file data10.txt (compact mmCIF, C-alpha atoms and all ligand atoms)
# COMPACT_ATOMS: atom_id res chain seq x y z
CA MET A 191 108.99 -103.92 170.56
CA SER A 192 106.21 -101.57 170.39
CA PHE A 193 103.85 -102.22 173.16
CA PHE A 194 102.85 -99.10 174.91
CA LEU A 195 100.26 -97.52 173.05
CA PHE A 196 97.79 -95.72 175.13
CA VAL A 197 96.48 -93.48 177.29
CA PHE A 198 97.18 -91.91 180.18
CA LEU A 199 96.06 -89.94 182.61
CA PHE A 200 95.96 -88.29 185.75
CA PHE A 201 95.13 -89.67 188.98
CA LEU A 202 95.69 -89.44 192.52
CA CYS A 203 98.96 -90.29 194.07
CA ILE A 204 101.11 -93.16 193.16
CA PHE A 205 104.37 -93.25 191.54
CA LEU A 206 107.61 -91.93 191.72
CA ASN A 207 109.53 -90.20 194.23
CA GLU A 208 110.26 -92.16 197.29
CA LYS A 209 108.48 -89.90 199.71
CA CYS A 210 105.43 -90.62 197.63
CA ARG A 211 105.61 -94.33 198.15
CA VAL A 212 102.24 -95.98 198.32
CA GLY A 213 101.38 -98.92 200.48
CA VAL A 214 98.21 -100.37 201.85
CA ASN A 215 98.27 -98.12 204.83
CA SER A 216 100.36 -95.30 203.54
CA VAL A 217 99.06 -92.08 202.22
CA CYS A 218 100.36 -90.11 199.32
CA GLU A 219 100.10 -86.40 199.44
CA GLN A 220 99.54 -84.47 196.29
CA ASN A 221 98.87 -80.79 196.60
CA ASN A 222 98.42 -81.45 200.30
CA LYS A 223 95.43 -83.63 199.63
CA PRO A 224 95.70 -87.13 200.97
CA TYR A 225 95.09 -89.95 198.57
CA ASP A 226 95.85 -93.52 199.08
CA ALA A 227 94.81 -95.38 196.00
CA ALA A 228 93.91 -94.96 192.37
CA LEU A 229 90.94 -96.24 190.53
CA ILE A 230 91.92 -98.85 188.03
CA ARG A 231 90.13 -99.01 184.73
CA GLY A 232 90.80 -100.38 181.33
CA ASN A 233 91.04 -103.64 179.60
CA THR A 234 92.50 -106.41 181.71
CA GLU A 235 93.48 -108.23 178.57
CA SER A 236 96.03 -105.51 177.95
CA VAL A 237 97.98 -106.32 181.10
CA THR A 238 101.44 -107.26 179.96
CA ARG A 239 104.64 -108.09 181.67
CA ASN A 240 105.98 -104.70 180.67
CA SER A 241 103.18 -102.54 181.83
CA VAL A 242 103.50 -98.81 181.66
CA PHE A 243 101.77 -96.41 183.94
CA ASN A 244 101.67 -93.09 182.28
CA CYS A 245 100.39 -90.81 184.91
CA CYS A 246 100.52 -87.18 185.61
CA CYS A 247 99.67 -84.67 188.20
CA ALA A 248 96.19 -85.12 189.56
CA ALA A 249 94.31 -81.96 190.18
CA GLU A 250 91.83 -82.25 192.99
CA GLU A 251 89.00 -81.19 190.74
CA LEU A 252 89.50 -84.24 188.60
CA THR A 253 88.40 -86.44 191.39
CA SER A 254 85.99 -84.23 193.18
CA THR A 255 83.85 -82.79 190.47
CA TRP A 256 84.24 -84.83 187.34
CA SER A 257 82.57 -88.16 187.24
CA TRP A 258 85.45 -90.15 188.43
CA ASN A 259 85.29 -92.95 185.98
CA LEU A 260 87.39 -90.65 183.85
CA VAL A 261 90.18 -91.27 186.28
CA VAL A 262 91.98 -93.89 184.31
CA VAL A 263 95.08 -95.74 185.26
CA PHE A 264 96.82 -97.88 182.81
CA LEU A 265 98.25 -99.97 181.01
CA GLY A 266 100.54 -101.72 178.63
CA PHE A 267 99.43 -102.75 175.20
CA ASP A 268 99.62 -106.22 173.91
CA PRO A 269 97.81 -107.25 170.77
CA SER A 270 95.76 -110.12 172.07
CA THR A 271 96.45 -113.50 170.61
CA PRO A 272 93.39 -114.97 169.01
CA GLN A 273 92.12 -117.90 170.99
CA LYS A 274 92.39 -121.12 169.17
CA GLY A 275 89.32 -123.24 169.57
CA PRO A 276 89.27 -126.98 169.69
CA ASN A 277 88.86 -128.94 166.54
CA SER A 278 85.99 -128.39 164.19
CA PHE A 279 82.65 -129.34 165.61
CA SER A 280 80.76 -129.08 162.37
CA SER A 281 80.06 -132.77 162.36
CA MET A 282 78.44 -132.72 165.77
CA ALA A 283 74.74 -132.38 165.93
CA ASN A 284 74.34 -133.27 169.51
CA LEU A 285 72.39 -130.51 171.23
CA ALA A 286 73.46 -131.34 174.76
CA ARG A 287 77.04 -131.53 173.71
CA ASN A 288 76.95 -128.18 171.92
CA ASN A 289 75.34 -126.47 174.89
CA LYS A 290 77.94 -128.05 177.13
CA ILE A 291 80.69 -126.61 174.96
CA LEU A 292 79.07 -123.18 175.19
CA LEU A 293 78.76 -123.41 178.97
CA GLU A 294 82.43 -124.24 179.11
CA LEU A 295 83.32 -121.41 176.70
CA VAL A 296 81.41 -118.82 178.71
CA GLN A 297 83.55 -119.52 181.74
CA ARG A 298 86.75 -118.53 179.99
CA PRO A 299 88.34 -115.17 180.80
CA GLY A 300 86.83 -112.55 178.54
CA ASN A 301 83.67 -114.56 177.94
CA ASN A 302 82.80 -114.73 181.62
CA VAL A 303 81.48 -111.17 181.66
CA CYS A 304 78.97 -109.54 179.35
CA ALA A 305 80.72 -108.16 176.24
CA ASP A 306 78.75 -104.93 176.52
CA CYS A 307 78.20 -104.07 180.19
CA SER A 308 80.62 -106.41 182.01
CA ALA A 309 77.86 -108.06 184.04
CA PRO A 310 79.16 -111.37 185.37
CA GLU A 311 78.06 -114.80 184.11
CA PRO A 312 76.37 -113.97 180.83
CA ASP A 313 74.08 -116.71 179.58
CA TRP A 314 73.07 -115.34 176.23
CA ALA A 315 75.11 -114.97 173.09
CA SER A 316 74.93 -113.20 169.76
CA TYR A 317 75.74 -115.86 167.21
CA THR A 318 76.20 -113.33 164.41
CA LEU A 319 78.70 -111.22 166.37
CA GLY A 320 80.21 -114.06 168.38
CA VAL A 321 79.85 -112.42 171.79
CA PHE A 322 78.49 -113.60 175.13
CA VAL A 323 76.11 -111.11 176.71
CA CYS A 324 73.85 -110.78 179.73
CA LEU A 325 70.06 -111.14 179.56
CA ASN A 326 69.63 -107.38 179.70
CA CYS A 327 71.97 -106.63 176.81
CA SER A 328 70.57 -109.55 174.80
CA GLY A 329 67.27 -107.64 174.76
CA MET A 330 69.02 -104.63 173.23
CA HIS A 331 70.74 -106.84 170.66
CA ARG A 332 67.31 -108.09 169.66
CA ASN A 333 66.47 -104.56 168.57
CA LEU A 334 69.24 -104.77 165.97
CA PRO A 335 68.20 -107.81 163.90
CA SER A 336 70.29 -106.73 160.94
CA VAL A 337 73.54 -107.04 162.90
CA SER A 338 72.84 -109.29 165.86
CA LYS A 339 70.88 -112.44 166.54
CA VAL A 340 70.79 -113.87 170.04
CA LYS A 341 70.14 -117.22 171.67
CA SER A 342 70.22 -118.54 175.20
CA ILE A 343 73.28 -120.70 175.69
CA ARG A 344 71.33 -122.91 178.08
CA LEU A 345 67.89 -123.19 176.58
CA ASP A 346 68.18 -122.74 172.84
CA TYR A 347 69.28 -125.17 170.17
CA TRP A 348 72.75 -124.44 168.82
CA ASP A 349 73.93 -125.69 165.49
CA SER A 350 77.52 -126.94 165.46
CA SER A 351 78.61 -124.30 162.95
CA LEU A 352 77.38 -121.54 165.27
CA VAL A 353 79.21 -123.06 168.24
CA GLU A 354 82.32 -123.23 166.14
CA PHE A 355 81.98 -119.54 165.35
CA MET A 356 81.54 -118.73 169.05
CA GLN A 357 84.74 -120.63 169.76
CA LYS A 358 86.61 -118.71 167.10
CA ARG A 359 85.29 -115.30 168.04
CA GLY A 360 84.41 -114.87 171.72
CA ASN A 361 84.39 -111.60 173.65
CA SER A 362 88.11 -110.82 173.50
CA GLU A 363 88.34 -111.25 169.76
CA ALA A 364 85.15 -109.23 169.27
CA LYS A 365 86.49 -106.48 171.49
CA ALA A 366 89.62 -106.23 169.37
CA ILE A 367 87.36 -105.60 166.38
CA PHE A 368 84.45 -103.55 167.71
CA GLU A 369 86.27 -101.61 170.42
CA LYS A 370 89.49 -101.13 168.54
CA CYS A 371 89.42 -97.33 168.74
CA VAL A 372 87.15 -96.25 171.57
CA PRO A 373 88.09 -92.65 172.36
CA THR A 374 89.22 -92.03 175.92
CA PHE A 375 86.36 -89.70 176.67
CA PHE A 376 83.69 -92.11 175.43
CA TYR A 377 81.69 -93.52 178.28
CA LYS A 378 81.58 -97.31 178.37
CA PRO A 379 78.50 -98.28 180.34
CA ARG A 380 78.46 -100.71 183.22
CA GLN A 381 75.86 -103.17 184.37
CA ASN A 382 73.96 -100.70 186.54
CA ASP A 383 73.93 -97.79 184.11
CA CYS A 384 70.70 -96.57 182.59
CA ILE A 385 69.22 -98.25 179.54
CA VAL A 386 69.86 -95.46 177.06
CA LEU A 387 73.61 -95.54 177.78
CA LYS A 388 73.82 -99.29 177.26
CA ASP A 389 71.53 -99.30 174.25
CA GLN A 390 73.49 -96.55 172.51
CA TRP A 391 76.81 -98.19 173.36
CA ILE A 392 75.63 -101.39 171.69
CA ARG A 393 74.33 -99.49 168.67
CA ALA A 394 77.53 -97.44 168.43
CA LYS A 395 79.66 -100.58 168.60
CA TYR A 396 77.88 -102.98 166.30
CA GLU A 397 75.37 -101.04 164.23
CA ARG A 398 77.25 -97.82 163.52
CA ARG A 399 80.66 -99.46 163.93
CA GLU A 400 82.01 -96.26 165.46
CA PHE A 401 85.08 -97.85 167.01
CA THR A 402 86.33 -100.27 164.38
CA GLY A 403 88.68 -97.70 162.87
CA GLU A 404 86.93 -97.85 159.48
CA ASN A 405 86.46 -94.10 159.50
CA ASN A 406 86.77 -91.26 161.98
CA ARG A 407 83.51 -89.52 161.10
CA PHE A 408 82.09 -90.09 164.57
CA LEU A 409 85.22 -89.03 166.37
CA GLN A 410 85.12 -85.79 164.42
CA ILE A 411 81.58 -85.14 165.60
CA TYR A 412 82.46 -85.54 169.26
CA THR A 413 85.64 -83.56 169.08
CA SER A 414 84.64 -80.79 166.70
CA GLU A 415 85.45 -77.27 167.82
CA GLN A 416 81.76 -76.46 168.02
CA PHE A 417 79.14 -79.06 168.83
CA GLU A 418 75.51 -78.04 168.64
CA SER A 419 72.48 -79.94 169.82
CA PRO A 420 68.88 -79.20 170.71
CA MET A 421 67.69 -80.38 174.14
CA TRP A 422 64.56 -80.07 176.23
CA LYS A 423 65.56 -78.08 179.31
CA LYS A 424 63.63 -77.78 182.55
CA GLY A 425 62.75 -74.17 183.40
CA ARG A 426 64.10 -72.91 186.68
CA VAL A 427 60.87 -71.21 187.70
CA ASN A 428 57.96 -72.90 185.96
CA LYS A 429 59.62 -76.37 185.85
CA GLN A 430 58.40 -76.90 182.30
CA PHE A 431 60.64 -78.42 179.69
CA LEU A 432 61.33 -76.08 176.81
CA LYS A 433 63.42 -76.62 173.71
CA ARG A 434 66.81 -74.95 173.88
CA ASN A 435 69.84 -75.01 171.65
CA PHE A 436 73.07 -76.09 173.32
CA LEU A 437 76.50 -75.25 172.01
CA LEU A 438 79.74 -76.81 173.23
CA SER A 439 82.92 -75.04 172.31
CA GLN A 440 86.46 -76.35 172.42
CA ARG A 441 87.67 -72.88 171.44
CA ASP A 442 86.79 -71.26 174.73
CA PHE A 443 85.82 -74.40 176.68
CA THR A 444 82.26 -73.37 177.39
CA LEU A 445 78.76 -74.75 177.23
CA LYS A 446 76.22 -72.17 176.11
CA TYR A 447 72.53 -72.42 175.52
CA PHE A 448 70.23 -70.30 173.46
CA ILE A 449 66.50 -69.74 173.84
CA LYS A 450 65.86 -69.61 170.11
CA GLU A 451 67.61 -71.40 167.31
CA ASP A 452 68.63 -68.13 165.68
CA SER A 453 69.53 -66.32 168.91
CA LYS A 454 72.85 -64.60 168.79
CA VAL A 455 73.14 -64.01 172.51
CA PRO A 456 73.30 -67.05 174.77
CA LYS A 457 71.04 -67.30 177.78
CA ALA A 458 73.94 -68.74 179.77
CA VAL A 459 77.67 -69.32 179.31
CA ILE A 460 79.04 -72.10 181.48
CA SER A 461 82.73 -72.81 181.87
CA MET A 462 83.95 -76.39 181.43
CA LYS A 463 86.06 -75.85 184.52
CA ASP A 464 83.66 -77.40 187.02
CA LEU A 465 81.20 -79.00 184.69
CA ASN A 466 79.93 -82.51 185.15
CA ALA A 467 77.22 -84.54 183.44
CA ASP A 468 75.38 -87.59 184.62
CA PHE A 469 72.30 -89.49 183.50
CA GLN A 470 69.52 -89.20 186.09
CA PRO A 471 66.38 -90.65 184.49
CA GLU A 472 64.38 -90.98 187.70
CA LYS A 473 65.22 -87.56 189.03
CA ILE A 474 64.36 -85.89 185.75
CA GLY A 475 61.36 -88.08 185.01
CA HIS A 476 62.49 -89.13 181.55
CA PRO A 477 64.44 -92.26 180.53
CA HIS A 478 66.95 -90.01 178.74
CA GLY A 479 67.22 -87.42 181.53
CA LEU A 480 70.65 -85.83 181.84
CA GLN A 481 71.82 -83.68 184.73
CA ILE A 482 74.52 -81.10 184.02
CA SER A 483 76.15 -79.62 187.12
CA TYR A 484 78.52 -76.70 187.43
CA SER A 485 79.69 -74.15 189.94
CA GLU A 486 78.55 -70.57 189.96
CA ASP A 487 79.24 -68.09 192.73
CA ASP A 488 80.32 -70.91 195.03
CA HIS A 489 77.02 -72.71 194.48
CA THR A 490 76.36 -75.86 192.54
CA ARG A 491 73.87 -75.24 189.75
CA ASN A 492 72.09 -77.87 187.74
CA LEU A 493 70.55 -78.06 184.31
CA PHE A 494 68.05 -80.85 183.69
CA VAL A 495 67.75 -81.81 180.07
CA TYR A 496 66.61 -84.67 177.85
CA HIS A 497 66.04 -85.52 174.23
CA ASP A 498 63.59 -88.11 172.98
CA ASP A 499 66.17 -89.51 170.62
CA GLY A 500 68.62 -91.71 172.54
CA GLN A 501 71.46 -91.22 170.08
CA THR A 502 71.15 -87.42 170.29
CA VAL A 503 71.31 -87.31 174.07
CA VAL A 504 74.15 -89.83 174.41
CA THR A 505 76.13 -88.08 171.66
CA PHE A 506 75.63 -84.81 173.53
CA PHE A 507 76.79 -86.48 176.76
CA ASN A 508 79.95 -87.82 175.11
CA ALA A 509 80.62 -84.49 173.39
CA ILE A 510 80.48 -82.86 176.85
CA ARG A 511 82.99 -85.44 178.06
CA ALA A 512 85.21 -84.81 175.03
CA THR A 513 85.14 -81.05 175.65
CA ARG A 514 85.75 -81.50 179.34
CA LEU A 515 88.66 -83.81 178.64
CA ALA A 516 90.13 -81.36 176.12
CA TYR A 517 89.86 -78.68 178.80
CA LEU A 518 91.62 -80.86 181.37
CA LEU A 519 94.36 -81.85 178.96
CA ARG A 520 94.95 -78.21 178.11
CA LYS A 521 95.13 -77.40 181.77
CA HIS A 522 97.22 -80.43 182.45
CA GLN A 523 99.67 -79.39 179.77
CA THR A 524 100.36 -76.27 181.80
CA LEU A 525 100.66 -78.28 184.96
CA ARG A 526 103.08 -80.65 183.32
CA ASN A 527 105.47 -77.81 182.71
CA SER A 528 105.26 -76.55 186.25
CA ASP A 529 106.90 -77.85 189.35
CA ASP A 530 103.65 -79.45 190.41
CA ALA A 531 103.67 -82.01 187.66
CA THR A 532 104.78 -85.50 188.50
CA GLU A 533 106.60 -87.66 186.05
CA LYS A 534 105.57 -90.74 184.23
CA GLY A 535 106.03 -94.09 185.86
CA PHE A 536 106.82 -97.55 184.63
CA ALA A 537 106.15 -100.83 186.26
CA PHE A 538 107.57 -104.10 185.21
CA ILE A 539 105.53 -107.07 186.32
CA GLY A 540 107.91 -109.96 186.88
CA SER A 541 107.39 -113.42 188.23
CA GLU A 542 106.58 -114.71 191.69
CA SER A 543 110.08 -116.03 192.27
CA HIS A 544 111.42 -112.50 191.71
CA GLY A 545 109.35 -110.89 194.43
CA TYR A 546 106.21 -109.93 192.56
CA SER A 547 102.78 -110.70 193.97
CA VAL A 548 99.19 -109.56 193.78
CA SER A 549 96.40 -109.90 196.29
CA ALA A 550 93.01 -108.50 197.17
CA CYS A 551 92.69 -105.84 199.82
CA SER A 552 89.74 -103.93 201.18
CA GLY A 553 89.34 -100.25 200.54
CA GLN A 554 86.22 -99.33 202.40
CA SER A 555 87.34 -95.85 203.28
CA LYS A 556 88.26 -94.80 199.78
CA ARG A 557 86.13 -92.22 198.06
CA GLY A 558 83.35 -92.44 200.62
CA GLY A 559 83.11 -96.19 200.31
CA ARG A 560 82.63 -96.14 196.55
CA TRP A 561 85.96 -97.77 195.89
CA ARG A 562 85.56 -100.91 197.85
CA TRP A 563 87.46 -103.54 195.95
CA GLY A 564 91.18 -103.14 196.30
CA ILE A 565 94.17 -104.73 194.65
CA PHE A 566 97.57 -104.81 196.26
CA LEU A 567 100.39 -105.21 193.74
CA LYS A 568 103.81 -105.79 195.19
CA THR A 569 107.02 -105.39 193.21
CA PRO A 570 110.59 -105.48 194.58
CA ASP A 571 110.76 -101.69 194.16
CA ARG A 572 107.45 -100.65 195.62
CA GLU A 573 103.86 -101.44 196.35
CA TYR A 574 100.76 -100.22 194.55
CA VAL A 575 97.15 -100.07 195.60
CA PHE A 576 94.40 -99.96 193.00
CA MET A 577 90.70 -99.78 193.58
CA CYS A 578 87.86 -101.23 191.57
CA GLU A 579 84.24 -100.29 191.63
CA GLN A 580 82.98 -103.85 191.57
CA GLU A 581 84.07 -107.16 192.96
CA SER A 582 83.94 -108.73 189.51
CA GLU A 583 86.41 -106.14 188.22
CA GLN A 584 88.70 -106.75 191.16
CA LYS A 585 88.71 -110.47 190.38
CA GLU A 586 89.29 -109.83 186.72
CA TRP A 587 92.26 -107.54 187.36
CA ILE A 588 93.79 -109.87 189.93
CA GLU A 589 93.43 -112.74 187.52
CA ALA A 590 95.13 -110.69 184.79
CA PHE A 591 98.03 -109.76 187.08
CA ARG A 592 98.36 -113.32 188.36
CA LYS A 593 98.50 -114.67 184.86
CA ILE A 594 101.58 -112.57 184.19
CA ILE A 595 103.18 -113.17 187.58
CA SER A 596 102.79 -116.94 187.33
CA GLN A 597 104.77 -117.05 184.09
CA PRO A 598 108.54 -117.54 184.32
CA MET A 599 110.64 -114.71 182.97
CA THR A 600 112.33 -115.11 179.61
CA PRO A 601 115.72 -113.58 178.72
CA GLU A 602 113.80 -110.92 176.84
CA ASP A 603 111.80 -110.14 179.97
CA TYR A 604 115.03 -109.61 181.92
CA ALA A 605 116.20 -107.16 179.28
CA ASN A 606 112.90 -105.30 179.37
CA GLU A 607 112.95 -105.12 183.13
CA ALA A 608 116.42 -103.59 183.04
CA ASN A 609 115.37 -101.10 180.34
CA LEU A 610 112.26 -100.02 182.19
CA ARG A 611 114.18 -99.55 185.42
CA ARG A 612 116.78 -97.53 183.59
CA GLY A 613 114.00 -95.39 182.13
CA LYS A 614 112.78 -94.33 185.54
ZN ZN A 701 75.22 -106.73 179.60
call {"tool": "encode", "arguments": {"input": "data10.txt", "output": "structure tokens"}}
result
Amino acid sequence: MSFFLFVFLFFLCIFLNEKCRVGVNSVCEQNNKPYDAALIRGNTESVTRNSVFNCCCAAEELTSTWSWNLVVVFLGFDPSTPQKGPNSFSSMANLARNNKILLELVQRPGNNVCADCSAPEPDWASYTLGVFVCLNCSGMHRNLPSVSKVKSIRLDYWDSSLVEFMQKRGNSEAKAIFEKCVPTFFYKPRQNDCIVLKDQWIRAKYERREFTGENNRFLQIYTSEQFESPMWKKGRVNKQFLKRNFLLSQRDFTLKYFIKEDSKVPKAVISMKDLNADFQPEKIGHPHGLQISYSEDDHTRNLFVYHDDGQTVVTFFNAIRATRLAYLLRKHQTLRNSDDATEKGFAFIGSESHGYSVSACSGQSKRGGRWRWGIFLKTPDREYVFMCEQESEQKEWIEAFRKIISQPMTPEDYANEANLRRGK
């Protein structure tokens, strides 16, 4: 069977060798830095019985300087089974009944969070795309009338054929289509992220269809050896924004900027080593304001930039992430060959009667209180602690784990368990 596609990466502790065992109260030491949990991210629908954790050595800088949502843990791959809806409702014209069906549909796993920003309890839906979205994202869908048309699932009239389509499609099915190939570095916005990030995510997904796998034109842009973009940059002395040309390079892993378009000599050359980027609209005074931080002479320096075009600034942001990730992977490759590198880990998720369980735990001390929502996964071999940023995510992950654990094991599962254990 070929589950196990995916990604990767680093993180803090966990796995492997027995002295590195992780429990609720235990602490794993990696490079003498104490860690006690890993941030869990990814698609809960990809939780499978045979989940693979493919994790490597976590350099401290990954967690301290890079926006830590890049710290990804997880998981097995399982092509999701399309949900089969109830029988055709085309003959029904009863408004109340159709709305009732929608209210029931929106409570199902996958549909119970916004398809675009994961906000809980969405009560709008795009009936052309077949996704349930929050009020906020529905407004952004409205700006794309050629691809998306939205209605309130409570207040608007729904034709039976549209309800039938919502039953067939739904958020999970739509995700399999529109988020089929989201690159690892690409930032998926959350509920509380700024508007430009969410708006561009929605446009990238549905309007430009960047992640459907139809072509890799967009991926090539983000990951090209040289990525160039103009930005308005705030002057250090006079605080005025002036147009500068920025150049990202995956050849030497630098970010340079030039005062004039035809300048040969850059005004600054910044290493990707300590670079971080974060949208800060209020601080910068522009809805597309981006803060770029880096270290220089033991000081943290900042560049404040924006671009009036949302797509330009978000593409620049994701190109920075792509370059930064390429830098880390290159560095990680070296680490992997050294004694510091930890191996890959596998986790089989069995059934309750075989000693597997999952529960919520608090994690108030983790990452300065930012990782508050913990998950405690117990297997006969060891215990794992994962942290979520939001309570809704914690619930979603626990539900995904429980779903697997509550199922009895098949003979094939027993074989997989044995194979995975042997692979350790
Ligand atoms: Zn939303």
call {"tool": "closest_residue", "arguments": {"input": "data10.txt", "among": "A:Ser483, A:Thr505, A:Asn288, A:Ser350", "to": "Val386 in chain A", "atoms": "only C-alpha atoms"}}
result
A:Thr505
call {"tool": "residues_near_ligand", "arguments": {"input": "data10.txt", "ligand": "ligand ZN 701 (chain A)", "cutoff": "12 Å", "atoms": "only C-alpha atoms and all ligand atoms", "output": "PyMOL selection string"}}
result
chain A and resi 301-316+321-331+361+378-385+387-389+391-392
call {"tool": "closest_residue", "arguments": {"input": "data10.txt", "among": "A:Leu319, A:Leu465, A:Val548, A:Leu352", "to": "Ile367 in chain A", "atoms": "all atoms listed in the file"}}
result
A:Leu319
call {"tool": "closest_residue", "arguments": {"input": "data10.txt", "among": "A:Arg562, A:Arg592, A:Arg520, A:His497", "to": "Glu579 in chain A", "atoms": "all atoms listed in the file"}}
result
A:Arg562
call {"tool": "atom_distance", "arguments": {"input": "data10.txt", "atom1": "CA of Phe566 in chain A", "atom2": "CA of Ser596 in chain A"}}
result
15.9 Å
call {"tool": "closest_residue", "arguments": {"input": "data10.txt", "among": "A:Arg344, A:Arg426, A:Arg441, A:Lys568", "to": "Asn289 in chain A", "atoms": "all atoms listed in the file"}}
result
A:Arg344
call {"tool": "closest_residue", "arguments": {"input": "data10.txt", "among": "A:Ile460, A:Ala364, A:Leu293, A:Val575", "to": "Thr318 in chain A", "atoms": "only C-alpha atoms"}}
result
A:Ala364
call {"tool": "atom_distance", "arguments": {"input": "data10.txt", "atom1": "CA of His476 in chain A", "atom2": "CA of Ser419 in chain A"}}
result
17.9 Å
call {"tool": "closest_residue", "arguments": {"input": "data10.txt", "among": "A:Pro373, A:Gly540, A:Pro420, A:Pro601", "to": "Glu451 in chain A", "atoms": "all atoms listed in the file"}}
result
A:Pro420
call {"tool": "decode", "arguments": {"input": "data10.txt", "residues": "range 546-552 of chain A", "atoms": "all heavy atoms", "output": "CSV table (one decimal), in the first residue's frame"}}
result
chain,number,residue,atom,x,y,z
A,546,TYR,N,-4.3,1.8,23.0
A,546,TYR,CA,-4.1,3.1,22.4
A,546,TYR,C,-5.2,4.1,22.9
A,546,TYR,O,-6.3,3.7,23.0
A,546,TYR,CB,-4.2,3.1,20.9
A,546,TYR,CG,-3.1,2.3,20.2
A,546,TYR,CD1,-3.2,0.9,20.1
A,546,TYR,CD2,-2.0,2.9,19.7
A,546,TYR,CE1,-2.1,0.1,19.6
A,546,TYR,CE2,-1.0,2.2,19.1
A,546,TYR,CZ,-1.1,0.8,19.0
A,546,TYR,OH,-0.1,0.1,18.4
A,547,SER,N,-4.8,5.3,23.2
A,547,SER,CA,-5.8,6.3,23.6
A,547,SER,C,-5.4,7.7,23.3
A,547,SER,O,-4.2,7.9,23.1
A,547,SER,CB,-6.1,6.1,25.2
A,547,SER,OG,-4.9,6.5,25.9
A,548,VAL,N,-6.3,8.6,23.3
A,548,VAL,CA,-6.0,10.0,23.0
A,548,VAL,C,-6.8,10.8,24.0
A,548,VAL,O,-8.0,10.5,24.3
A,548,VAL,CB,-6.2,10.4,21.6
A,548,VAL,CG1,-7.7,10.2,21.2
A,548,VAL,CG2,-5.7,11.8,21.3
A,549,SER,N,-6.2,11.9,24.5
A,549,SER,CA,-7.0,12.8,25.4
A,549,SER,C,-6.4,14.2,25.3
A,549,SER,O,-5.3,14.4,24.8
A,549,SER,CB,-6.9,12.3,26.8
A,549,SER,OG,-5.6,12.2,27.2
A,550,ALA,N,-7.2,15.1,25.8
A,550,ALA,CA,-6.8,16.5,25.8
A,550,ALA,C,-5.9,16.7,27.0
A,550,ALA,O,-6.0,16.1,28.0
A,550,ALA,CB,-8.0,17.4,25.9
A,551,CYS,N,-4.9,17.6,26.9
A,551,CYS,CA,-4.1,18.0,28.0
A,551,CYS,C,-3.7,19.5,27.9
A,551,CYS,O,-3.8,20.0,26.8
A,551,CYS,CB,-2.8,17.1,28.2
A,551,CYS,SG,-1.6,17.4,26.9
A,552,SER,N,-3.4,20.1,29.0
A,552,SER,CA,-3.2,21.5,28.9
A,552,SER,C,-1.7,21.7,28.6
A,552,SER,O,-0.8,20.9,29.0
A,552,SER,CB,-3.6,22.2,30.2
A,552,SER,OG,-2.6,22.1,31.1
